[in-house]
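Just below is one structure, and these are the notes that go with it.
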Amino acid sequence: MSVSIRIAIVFACLLLALYVIRLVSTDKLQLRYSLLWLALVVTLLLCSIFPVPIYFLSSFFGFVTSANFIFVAGFIFVILILLSLSVTVSRQALAIKNLTQKIALLEKNSSSS
Amino acid sequence: MNNSPSVLVIIPAYNEEANILHTVQSVMQFGYDYLVVNDGSTDKTLQICEENHLNVLDLPQNLGIGGAVQAGHKYARQFGYDIDVQVDGDGQHDPNYIGALIEKIQSGSDIVVGSRFLIPTTGFQSSFLRRIGITWFSNVIRLVSRRRITDPTSGFRACNKKAIELFCNKYPSDYPEPDSIVYALAQGLDVTEVSVVMKERQGGTSSISGFSSVYYMIKVTLAIFISAYSK
C-alpha cells in the first residue's frame, strides 16, 4: 500500500472524526449514535498507520491490494451503521405509534367527560 | 356475564367519507356500542363523524390499518369491554353477522374470523387473483400452525378479552390480518372462523392493488413465518 494512499486515508479519517465530534458537541448528533462512526474512523486509522497486519490479512483472504481490504472493512462498518439506523427508526416508529394512540385516547377521555 | 357480554364494534376509517355514515348506522341498528377510529383521514371523514355526533377516536397522525385497529383494542381494554368486533369502514362487512361472531366467541374461541370461503356462498368472493393470494396465505398458515383458516385476509373479526390484551401489547402495523392470526395462534390463542357473506366495497379503493400486491404477498408471507416461529 503506497504511502500516499495511507496519508489520504489518515487525512480523511481525521476530517470525519473532527466533524463527528463537532456534531456531538453542538448537539446535532447524540453521543450514542456517534460511537459506531468513531469506531469506523479508529479502525481505518489503525489499518493505515499500522499496515503490516493488513498485508497479512489481505493476502490471506486473497485481496489483490491491501487498500481493497481497508475499503471492504470500511464498507462493513457502514452496513452495520445503516442497520443500526434501521433499528433506531423502527424503535421510533413504534414509539410514535404508541404516543399517537395515547394522545387520541386522552383527547377522547377529556372531551367526553 | 355469559348472558350479555359488553361488545364494542371497532370501525377503522381512513378516507371513508362516502361510506362511514352508512356503515355506522347499520351497526347502530343492532344496538351495539361502536367506535369509529379516524386514522388521520385527509377527507371529510372526521367532519361527518362530528356532525352526526358519532363516537369517534381521532388519531392525530395516520398510522395505517394496524395502528388504527390497535387503538380500538386499547379503547376496548380501557373501558373493559368483554368482546370487540372489527368492522371495516368501507361497508364490505354486513353487521347482520356480528351476532354470529359473538356467539362463537362465547362458545370458547379467543378470536373469530368472518370467512367468505368457509361455506360456499353467493356473496362477494373477491377477484380471481386475490383468491389465489388468499389461498396462498391460507396454505402458509396451515403449514406453520397446522390450522385451517380459509379467509386469513378478512378484517371482519371478533376478539375476547384475552385477544384484546394480546393485541394491545403487540399488533402488526401494516397488512396485519394474516399476520395477527398467526401471532395469536403462536401465543396459544384459539382462532376459529364463521361463515359470512360480504358485499363489494361501497366506495373508496382497496389499499392493495397493482404492483404493491407483489410487495404485499412477499411482506405478509415473511411476517407469517417470523410470527409463527418467534415467542
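Residues in the C-alpha cells are named by chain (A, B, ... in the order shown) and by number from 1 within that chain; ligands are numbered from 1 in the order shown.
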
Using only C-alpha atoms, which protein or nucleic acid residues come within 7 Å of B:Gln86? Drop anything in the same chain fewer than 3 positions from it, and give the result as an mmCIF file with all heavy atoms, in the first residue's frame.
```cif
data_model
loop_
_atom_site.group_PDB
_atom_site.id
_atom_site.type_symbol
_atom_site.label_atom_id
_atom_site.label_comp_id
_atom_site.auth_asym_id
_atom_site.auth_seq_id
_atom_site.Cartn_x
_atom_site.Cartn_y
_atom_site.Cartn_z
ATOM 1 N N VAL B 9 -67.991 -2.439 18.792
ATOM 2 C CA VAL B 9 -67.675 -2.608 17.375
ATOM 3 C C VAL B 9 -66.668 -1.533 16.978
ATOM 4 O O VAL B 9 -66.935 -0.336 17.129
ATOM 5 C CB VAL B 9 -68.940 -2.506 16.500
ATOM 6 C CG1 VAL B 9 -68.562 -2.544 15.018
ATOM 7 C CG2 VAL B 9 -69.904 -3.630 16.825
ATOM 8 N N ILE B 10 -65.487 -1.963 16.535
ATOM 9 C CA ILE B 10 -64.431 -1.034 16.137
ATOM 10 C C ILE B 10 -64.501 -0.830 14.626
ATOM 11 O O ILE B 10 -64.471 -1.796 13.858
ATOM 12 C CB ILE B 10 -63.041 -1.593 16.514
ATOM 13 C CG1 ILE B 10 -62.943 -1.803 18.022
ATOM 14 C CG2 ILE B 10 -61.937 -0.665 16.028
ATOM 15 C CD1 ILE B 10 -61.712 -2.595 18.437
ATOM 16 N N ILE B 11 -64.607 0.415 14.208
ATOM 17 C CA ILE B 11 -64.703 0.711 12.777
ATOM 18 C C ILE B 11 -63.532 1.600 12.366
ATOM 19 O O ILE B 11 -63.583 2.816 12.523
ATOM 20 C CB ILE B 11 -66.038 1.415 12.456
ATOM 21 C CG1 ILE B 11 -67.209 0.585 12.997
ATOM 22 C CG2 ILE B 11 -66.171 1.638 10.954
ATOM 23 C CD1 ILE B 11 -68.538 1.317 12.997
ATOM 24 N N GLY B 155 -60.908 -8.779 7.392
ATOM 25 C CA GLY B 155 -60.780 -7.846 8.514
ATOM 26 C C GLY B 155 -62.008 -7.862 9.398
ATOM 27 O O GLY B 155 -62.135 -7.052 10.305
ATOM 28 N N PHE B 156 -62.932 -8.776 9.137
ATOM 29 C CA PHE B 156 -64.176 -8.888 9.901
ATOM 30 C C PHE B 156 -63.937 -9.926 10.986
ATOM 31 O O PHE B 156 -63.947 -11.131 10.703
ATOM 32 C CB PHE B 156 -65.290 -9.328 8.951
ATOM 33 C CG PHE B 156 -66.694 -9.162 9.484
ATOM 34 C CD1 PHE B 156 -66.954 -8.416 10.615
ATOM 35 C CD2 PHE B 156 -67.762 -9.759 8.823
ATOM 36 C CE1 PHE B 156 -68.241 -8.266 11.086
ATOM 37 C CE2 PHE B 156 -69.060 -9.608 9.286
ATOM 38 C CZ PHE B 156 -69.292 -8.861 10.420
ATOM 39 N N ARG B 157 -63.692 -9.479 12.224
ATOM 40 C CA ARG B 157 -63.283 -10.435 13.246
ATOM 41 C C ARG B 157 -63.638 -9.963 14.645
ATOM 42 O O ARG B 157 -63.790 -8.778 14.892
ATOM 43 C CB ARG B 157 -61.777 -10.681 13.153
ATOM 44 C CG ARG B 157 -60.982 -9.391 12.984
ATOM 45 C CD ARG B 157 -59.513 -9.642 12.811
ATOM 46 N NE ARG B 157 -59.176 -10.367 11.602
ATOM 47 C CZ ARG B 157 -57.982 -10.880 11.337
ATOM 48 N NH1 ARG B 157 -57.015 -10.731 12.205
ATOM 49 N NH2 ARG B 157 -57.750 -11.527 10.224
ATOM 50 N N ALA B 158 -63.773 -10.920 15.525
ATOM 51 C CA ALA B 158 -64.110 -10.610 16.917
ATOM 52 C C ALA B 158 -63.019 -11.139 17.834
ATOM 53 O O ALA B 158 -62.410 -12.170 17.556
ATOM 54 C CB ALA B 158 -65.455 -11.251 17.288
#
```

### Task
Please provide as a PyMOL selection string all residues within 9 Å of B:Ser126, with the sequence filter that same-chain residues fewer than 4 positions apart are discarded (counting only C-alpha atoms).
chain B and resi 130-131+200

Residue subset to file, keeping all heavy atoms, as a PDB file, in the first residue's frame:
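Once everything was written out, this is out.pdb:
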```pdb
ATOM      1  N   ARG B 130     -56.945 -12.223  -6.329  1.00  0.00           N
ATOM      2  CA  ARG B 130     -56.945 -12.103  -4.874  1.00  0.00           C
ATOM      3  C   ARG B 130     -57.240 -13.430  -4.203  1.00  0.00           C
ATOM      4  O   ARG B 130     -56.693 -13.733  -3.146  1.00  0.00           O
ATOM      5  CB  ARG B 130     -57.974 -11.072  -4.449  1.00  0.00           C
ATOM      6  CG  ARG B 130     -57.386  -9.711  -4.702  1.00  0.00           C
ATOM      7  CD  ARG B 130     -58.223  -8.642  -4.149  1.00  0.00           C
ATOM      8  NE  ARG B 130     -57.646  -7.419  -4.692  1.00  0.00           N
ATOM      9  CZ  ARG B 130     -57.884  -6.229  -4.263  1.00  0.00           C
ATOM     10  NH1 ARG B 130     -58.724  -6.083  -3.274  1.00  0.00           N
ATOM     11  NH2 ARG B 130     -57.309  -5.193  -4.783  1.00  0.00           N
ATOM     12  N   ARG B 131     -58.114 -14.204  -4.845  1.00  0.00           N
ATOM     13  CA  ARG B 131     -58.404 -15.515  -4.239  1.00  0.00           C
ATOM     14  C   ARG B 131     -57.167 -16.394  -4.250  1.00  0.00           C
ATOM     15  O   ARG B 131     -56.942 -17.177  -3.336  1.00  0.00           O
ATOM     16  CB  ARG B 131     -59.563 -16.192  -4.974  1.00  0.00           C
ATOM     17  CG  ARG B 131     -60.924 -15.603  -4.589  1.00  0.00           C
ATOM     18  CD  ARG B 131     -62.032 -16.635  -4.733  1.00  0.00           C
ATOM     19  NE  ARG B 131     -62.078 -17.209  -6.076  1.00  0.00           N
ATOM     20  CZ  ARG B 131     -62.655 -16.617  -7.126  1.00  0.00           C
ATOM     21  NH1 ARG B 131     -63.215 -15.435  -6.971  1.00  0.00           N
ATOM     22  NH2 ARG B 131     -62.659 -17.198  -8.291  1.00  0.00           N
ATOM     23  N   GLU B 200     -69.469  -6.148  -1.985  1.00  0.00           N
ATOM     24  CA  GLU B 200     -68.392  -5.442  -2.642  1.00  0.00           C
ATOM     25  C   GLU B 200     -68.283  -4.075  -1.979  1.00  0.00           C
ATOM     26  O   GLU B 200     -69.283  -3.529  -1.502  1.00  0.00           O
ATOM     27  CB  GLU B 200     -68.692  -5.291  -4.129  1.00  0.00           C
ATOM     28  CG  GLU B 200     -67.451  -5.253  -4.965  1.00  0.00           C
ATOM     29  CD  GLU B 200     -67.687  -5.748  -6.395  1.00  0.00           C
ATOM     30  OE1 GLU B 200     -68.735  -6.358  -6.660  1.00  0.00           O
ATOM     31  OE2 GLU B 200     -66.822  -5.517  -7.221  1.00  0.00           O
TER      32      GLU B 200
END
```

### Task
Would you return as an NGL selection string the members of stretch 35-72 of chain A that DSSP assigns to helix (DSSP H, G or I) on this structure's backbone?
:A and (35-49 or 52-61 or 66-72)

### Message
I need the contact residues of chain B against chain A, so if you could list those with any atom within 7 Å, counting only C-alpha atoms, and return them as a PyMOL selection string, that would help.
### Response
chain B and resi 57-61+63+67+71+75

Please dump the current selection as a JSON list (two decimals), in the first residue's frame; keep C-alpha atoms.
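File again-v6.json, as written:
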```
[["chain", "number", "residue", "atom", "x", "y", "z"],
["B", 57, "LEU", "CA", -61.48, 8.31, 18.25],
["B", 58, "ASP", "CA", -59.38, 10.73, 16.23],
["B", 59, "LEU", "CA", -55.77, 9.69, 15.62],
["B", 60, "PRO", "CA", -53.73, 12.86, 15.07],
["B", 61, "GLN", "CA", -51.47, 11.00, 12.60],
["B", 63, "LEU", "CA", -50.94, 5.06, 11.50],
["B", 67, "GLY", "CA", -52.23, 1.12, 14.33],
["B", 71, "ALA", "CA", -56.05, 1.94, 19.06],
["B", 75, "TYR", "CA", -60.07, 1.75, 23.84]]
```
